[in-house]
$ cat upload-v5.csv   # CSV, C-alpha atoms and all ligand atoms
chain,number,residue,atom,x,y,z
A,20,MET,CA,-130.2,-41.1,-1.9
A,21,THR,CA,-131.6,-44.4,-2.9
A,22,TYR,CA,-134.9,-44.5,-4.6
A,23,LYS,CA,-137.2,-47.5,-4.2
A,24,PRO,CA,-139.8,-48.5,-6.7
A,25,ILE,CA,-143.2,-47.2,-5.8
A,26,ASP,CA,-146.1,-49.6,-5.3
A,27,ILE,CA,-144.1,-52.7,-6.0
A,28,THR,CA,-143.7,-55.4,-3.4
A,29,ALA,CA,-142.1,-58.8,-3.5
A,30,VAL,CA,-145.5,-60.4,-2.9
A,31,GLY,CA,-146.9,-58.3,-5.7
A,32,ILE,CA,-144.3,-59.8,-8.0
A,33,LEU,CA,-145.1,-63.3,-6.9
A,34,MET,CA,-148.8,-62.7,-7.4
A,35,LEU,CA,-148.2,-61.4,-11.0
A,36,GLU,CA,-146.3,-64.5,-11.7
A,37,HIS,CA,-149.3,-66.5,-10.4
A,38,ARG,CA,-151.4,-64.8,-13.1
A,39,GLN,CA,-148.9,-65.9,-15.8
A,40,ILE,CA,-148.9,-69.5,-14.5
A,41,GLU,CA,-152.7,-69.5,-14.6
A,42,ARG,CA,-152.7,-68.4,-18.2
A,43,VAL,CA,-150.4,-71.3,-19.2
A,44,ILE,CA,-152.6,-73.7,-17.1
A,45,GLU,CA,-155.6,-72.5,-19.1
A,46,VAL,CA,-153.9,-73.3,-22.3
A,47,MET,CA,-153.0,-76.7,-20.9
A,48,LYS,CA,-156.6,-77.3,-20.1
A,49,THR,CA,-157.7,-76.7,-23.7
A,50,GLU,CA,-154.8,-78.9,-24.9
A,51,LEU,CA,-156.0,-81.7,-22.6
A,52,GLU,CA,-159.5,-81.5,-24.1
A,53,ILE,CA,-158.0,-81.7,-27.6
A,54,THR,CA,-155.7,-84.6,-26.5
A,55,ASN,CA,-158.8,-86.5,-25.2
A,56,LYS,CA,-160.8,-85.8,-28.4
A,57,GLU,CA,-158.0,-86.6,-30.9
A,58,ALA,CA,-156.5,-89.5,-28.8
A,59,ARG,CA,-153.0,-88.2,-29.5
A,60,ALA,CA,-150.5,-86.1,-27.6
A,61,LYS,CA,-148.3,-83.3,-29.0
A,62,PRO,CA,-144.8,-83.8,-27.7
A,63,GLU,CA,-143.7,-80.3,-28.9
A,64,PHE,CA,-146.4,-78.7,-26.8
A,65,ILE,CA,-145.5,-80.9,-23.8
A,66,ASP,CA,-141.8,-79.9,-24.1
A,67,ILE,CA,-142.7,-76.1,-24.1
A,68,ALA,CA,-145.0,-76.6,-21.1
A,69,ILE,CA,-142.4,-78.6,-19.2
A,70,ASP,CA,-139.8,-76.0,-19.9
A,71,PHE,CA,-142.1,-73.2,-18.7
A,72,ILE,CA,-143.1,-75.0,-15.5
A,73,ARG,CA,-139.5,-76.1,-14.7
A,74,THR,CA,-137.9,-72.7,-15.4
A,75,TYR,CA,-140.5,-70.1,-14.8
A,76,ALA,CA,-142.9,-71.7,-12.3
A,77,ASP,CA,-140.4,-73.8,-10.4
A,78,LYS,CA,-136.9,-72.4,-10.6
A,79,SER,CA,-137.8,-68.7,-10.7
A,80,HIS,CA,-141.2,-68.5,-9.0
A,81,HIS,CA,-141.0,-71.3,-6.4
A,82,GLY,CA,-137.3,-70.4,-6.1
A,83,LYS,CA,-138.2,-66.9,-4.9
A,84,GLU,CA,-140.9,-68.2,-2.6
A,85,GLU,CA,-138.6,-70.8,-1.0
A,86,GLN,CA,-135.2,-69.1,-1.0
A,87,ILE,CA,-136.4,-65.6,-0.2
A,88,PHE,CA,-140.0,-65.2,1.1
A,89,PHE,CA,-140.4,-68.4,3.1
A,90,ARG,CA,-136.8,-68.2,4.3
A,91,ASP,CA,-137.4,-64.7,5.6
A,92,LEU,CA,-140.6,-65.7,7.4
A,93,TYR,CA,-138.8,-68.8,8.8
A,94,LYS,CA,-136.2,-66.5,10.4
A,95,LYS,CA,-138.9,-64.8,12.4
A,96,ASN,CA,-140.6,-66.2,15.4
A,97,ILE,CA,-143.6,-67.2,13.3
A,98,ALA,CA,-146.6,-69.2,14.7
A,99,LYS,CA,-146.4,-73.0,14.4
A,100,LYS,CA,-149.5,-73.0,12.1
A,101,HIS,CA,-147.7,-70.7,9.7
A,102,LYS,CA,-144.5,-72.8,9.8
A,103,ASP,CA,-146.7,-75.9,9.0
A,104,TYR,CA,-148.3,-74.0,6.1
A,105,ILE,CA,-144.8,-73.2,4.7
A,106,ASP,CA,-143.9,-76.9,5.0
A,107,LEU,CA,-147.1,-77.8,3.1
A,108,LEU,CA,-146.4,-75.3,0.3
A,109,VAL,CA,-142.9,-76.6,0.0
A,110,ALA,CA,-144.0,-80.2,-0.1
A,111,GLU,CA,-146.5,-79.2,-2.8
A,112,HIS,CA,-143.7,-77.6,-4.9
A,113,LYS,CA,-141.9,-81.0,-4.6
A,114,GLN,CA,-144.9,-82.9,-5.8
A,115,GLY,CA,-145.3,-80.5,-8.8
A,116,ARG,CA,-141.6,-81.1,-9.6
A,117,GLU,CA,-142.0,-84.9,-9.5
A,118,THR,CA,-145.1,-84.8,-11.7
A,119,VAL,CA,-143.3,-82.7,-14.3
A,120,GLY,CA,-140.5,-85.3,-14.3
A,121,GLN,CA,-143.1,-88.0,-14.7
A,122,LEU,CA,-144.7,-86.1,-17.6
A,123,GLU,CA,-141.3,-85.9,-19.3
A,124,ALA,CA,-140.5,-89.6,-18.9
A,125,THR,CA,-144.0,-90.5,-20.1
A,126,LYS,CA,-143.6,-88.3,-23.2
A,127,GLU,CA,-140.4,-90.2,-24.0
A,128,LYS,CA,-142.3,-93.5,-23.7
A,129,TYR,CA,-145.0,-92.1,-26.0
A,130,LEU,CA,-142.4,-91.1,-28.6
A,131,LYS,CA,-141.1,-94.7,-28.5
A,132,GLY,CA,-144.6,-96.0,-29.3
A,133,ASP,CA,-145.6,-97.2,-25.8
A,134,SER,CA,-149.4,-97.6,-26.1
A,135,GLY,CA,-150.1,-97.0,-22.4
A,136,ALA,CA,-148.2,-93.7,-22.4
A,137,LEU,CA,-151.1,-91.5,-23.7
A,138,ASN,CA,-153.2,-92.2,-20.6
A,139,GLU,CA,-150.3,-91.4,-18.3
A,140,ILE,CA,-149.6,-88.2,-20.2
A,141,LYS,CA,-153.3,-87.2,-19.7
A,142,GLU,CA,-153.1,-88.1,-16.0
A,143,CYS,CA,-150.0,-85.9,-15.5
A,144,MET,CA,-151.5,-83.0,-17.4
A,145,LYS,CA,-154.7,-83.3,-15.4
A,146,TRP,CA,-152.8,-83.4,-12.1
A,147,LEU,CA,-150.9,-80.2,-13.0
A,148,ILE,CA,-154.1,-78.5,-14.2
A,149,ASP,CA,-155.8,-79.2,-10.9
A,150,PHE,CA,-152.7,-78.6,-8.8
A,151,TYR,CA,-151.6,-75.1,-9.8
A,152,PRO,CA,-154.9,-73.2,-9.2
A,153,GLN,CA,-155.4,-74.7,-5.7
A,154,HIS,CA,-151.8,-74.1,-4.8
A,155,ILE,CA,-151.9,-70.5,-6.0
A,156,GLU,CA,-155.2,-69.9,-4.2
A,157,LYS,CA,-153.6,-71.1,-0.9
A,158,GLU,CA,-150.8,-68.6,-1.3
A,159,ASP,CA,-152.8,-65.7,-2.6
A,160,LYS,CA,-155.7,-65.9,-0.3
A,161,HIS,CA,-154.4,-67.5,2.8
A,162,PHE,CA,-150.7,-67.0,3.1
A,163,PHE,CA,-149.1,-64.1,1.3
A,164,ALA,CA,-150.7,-61.3,3.4
A,165,LEU,CA,-148.7,-62.6,6.4
A,166,TYR,CA,-145.6,-60.8,5.2
A,167,ARG,CA,-147.0,-57.5,6.5
A,168,GLU,CA,-147.6,-59.2,9.9
A,169,TYR,CA,-144.1,-60.5,10.3
A,170,LEU,CA,-141.7,-58.3,8.2
A,171,ASN,CA,-141.1,-54.6,8.9
A,172,GLU,CA,-140.7,-52.1,6.1
A,173,GLU,CA,-137.0,-52.4,5.8
A,174,GLU,CA,-137.2,-56.2,5.6
A,175,GLN,CA,-139.9,-56.0,3.0
A,176,ASP,CA,-137.7,-53.7,0.9
A,177,LYS,CA,-134.8,-56.1,1.2
A,178,MET,CA,-137.0,-58.9,0.1
A,179,LEU,CA,-138.1,-56.9,-2.9
A,180,ALA,CA,-134.5,-56.1,-3.9
A,181,GLU,CA,-133.6,-59.8,-3.6
A,182,CYS,CA,-136.6,-60.8,-5.7
A,183,LEU,CA,-135.7,-58.3,-8.4
A,184,GLU,CA,-132.1,-59.6,-8.4
A,185,PHE,CA,-133.1,-63.2,-8.5
A,186,ASP,CA,-134.4,-62.9,-12.0
A,187,SER,CA,-131.6,-60.9,-13.5
A,188,THR,CA,-131.0,-63.7,-16.1
A,189,GLY,CA,-133.9,-62.5,-18.3
A,190,ILE,CA,-136.4,-65.2,-17.4
A,191,ARG,CA,-139.3,-62.7,-17.7
A,192,GLU,CA,-138.2,-61.7,-21.2
A,193,LYS,CA,-137.8,-65.4,-22.3
A,194,TYR,CA,-141.3,-66.4,-21.2
A,195,LYS,CA,-143.3,-63.3,-22.2
A,196,ASP,CA,-144.6,-64.9,-25.4
A,197,ILE,CA,-145.1,-68.3,-23.9
A,198,ILE,CA,-148.9,-68.4,-24.7
A,199,ALA,CA,-148.3,-67.6,-28.4
A,200,ARG,CA,-145.6,-70.3,-28.6
A,201,LEU,CA,-147.9,-72.9,-26.9
A,202,LYS,CA,-150.8,-72.0,-29.2
A,203,LYS,CA,-148.7,-72.3,-32.3
A,204,VAL,CA,-148.1,-76.1,-31.8
A,205,LYS,CA,-150.3,-78.2,-34.1
A,301,FE,FE,-145.8,-71.9,-4.2
A,302,FE,FE,-146.6,-69.3,-5.9

$ encode --input "upload-v5.csv" --output "structure tokens"
Amino acid sequence: MTYKPIDITAVGILMLEHRQIERVIEVMKTELEITNKEARAKPEFIDIAIDFIRTYADKSHHGKEEQIFFRDLYKKNIAKKHKDYIDLLVAEHKQGRETVGQLEATKEKYLKGDSGALNEIKECMKWLIDFYPQHIEKEDKHFFALYREYLNEEEQDKMLAECLEFDSTGIREKYKDIIARLKKVK
């Protein structure tokens, strides 16, 4: 007999990950205020934030959304407005990815002494700080509940098993102290 975890759903996992991303965004917000006040960036902070967004928020979290959840919905005969919503969310993931790339390139320019780089760093940070909460709200409030509408219980269980398998590389463990690491940077 196979036992399945009680009260855990794939969407529940995704929503818990949203809470973790929000915590990091809150720290970034404080950091942006400090950057504005002190007129200097902290490259070490930016590196940790970039690594978190790339690995946890994008590879692991957006990865599960795109490669498992959205894929499963796409296989169903879903309404056009829901397909369009998936396309919008995926396009937003891409924009997030591009901004992180831009933040990294700008940080490199800053390290080389480029005087205009600080403003660009602030713009990228501001963009990410504004982006994540609105993207998360779209998913949490307007999209995630659809899984019950389109996927039967067996399909939901399969999705959960795949989500649990997706992160078997210890990503959760690696990022559990992320806030402490970000706050330690002077
Ligand atoms: Fe997303
Ligand atoms: Fe998400």

$ atom_distance --input "upload-v5.csv" --atom1 "CA of Asn138 (chain A)" --atom2 "CA of Glu117 (chain A)"
17.4 Å

$ residues_around --input "upload-v5.csv" --residues "Met34 (chain A)" --least-positions-apart "6" --cutoff "10 Å" --atoms "only C-alpha atoms" --output "ChimeraX atom specification"
/A:28,40,80,155,158-159,163

$ closest_residue --input "upload-v5.csv" --among "A:Pro62, A:His154, A:Lys131, A:Asn55" --to "ligand FE 302 (chain A)" --atoms "all atoms listed in the file"
A:His154

$ atom_distance --input "upload-v5.csv" --atom1 "CA of Phe185 (chain A)" --atom2 "CA of Gly120 (chain A)"
24.0 Å

$ residues_near_ligand --input "upload-v5.csv" --ligand "ligand FE 302 (chain A)" --cutoff "12 Å" --atoms "only C-alpha atoms and all ligand atoms" --output "ChimeraX atom specification"
/A:29-41,72,75-85,88-89,105,108-109,111-112,115,150-163

$ residues_around --input "upload-v5.csv" --residues "Thr118 (chain A)" --least-positions-apart "4" --cutoff "8 Å" --atoms "all atoms listed in the file" --output "number ranges by chain"
A: 114, 122, 143, 146-147

$ closest_residue --input "upload-v5.csv" --among "A:Glu184, A:Glu63, A:Glu52, A:Asp176" --to "Asp26 (chain A)" --atoms "all atoms listed in the file"
A:Asp176

$ atom_distance --input "upload-v5.csv" --atom1 "CA of Arg42 (chain A)" --atom2 "CA of Arg59 (chain A)"
22.8 Å

$ closest_residue --input "upload-v5.csv" --among "A:Asn96, A:Gln86, A:Thr125, A:Gln175" --to "ligand FE 301 (chain A)" --atoms "all atoms listed in the file"
A:Gln86

$ residues_near_point --input "upload-v5.csv" --point "(-139.3, -75.8, -22.0)" --cutoff "12 Å" --atoms "all atoms listed in the file" --output "list in words"
Pro62, Glu63, Phe64, Ile65, Asp66, Ile67, Ala68, Ile69, Asp70, Phe71, Ile72, Arg73, Thr74, Tyr75, Ala76, Asp77, Val119, Glu123, Ile190, Lys193, Tyr194, Ile197, Arg200 and Leu201 of chain A

$ closest_residue --input "upload-v5.csv" --among "A:Asp106, A:Glu50, A:Asp133, A:Glu57" --to "ligand FE 301 (chain A)" --atoms "all atoms listed in the file"
A:Asp106

$ residues_near_point --input "upload-v5.csv" --point "(-152.9, -77.8, -37.4)" --cutoff "12 Å" --atoms "all atoms listed in the file" --output "list in words"
Ile53, Lys61, Lys202, Lys203, Val204 and Lys205 of chain A

$ closest_residue --input "upload-v5.csv" --among "A:Glu181, A:Tyr166, A:Glu192, A:Ile27" --to "His101 (chain A)" --atoms "all atoms listed in the file"
A:Tyr166

$ closest_residue --input "upload-v5.csv" --among "A:Val46, A:Ser134, A:Met178, A:Arg167" --to "Arg90 (chain A)" --atoms "all atoms listed in the file"
A:Met178

$ residues_around --input "upload-v5.csv" --residues "Ile97 (chain A)" --least-positions-apart "3" --cutoff "10 Å" --atoms "all atoms listed in the file" --output "count of residues only"
9
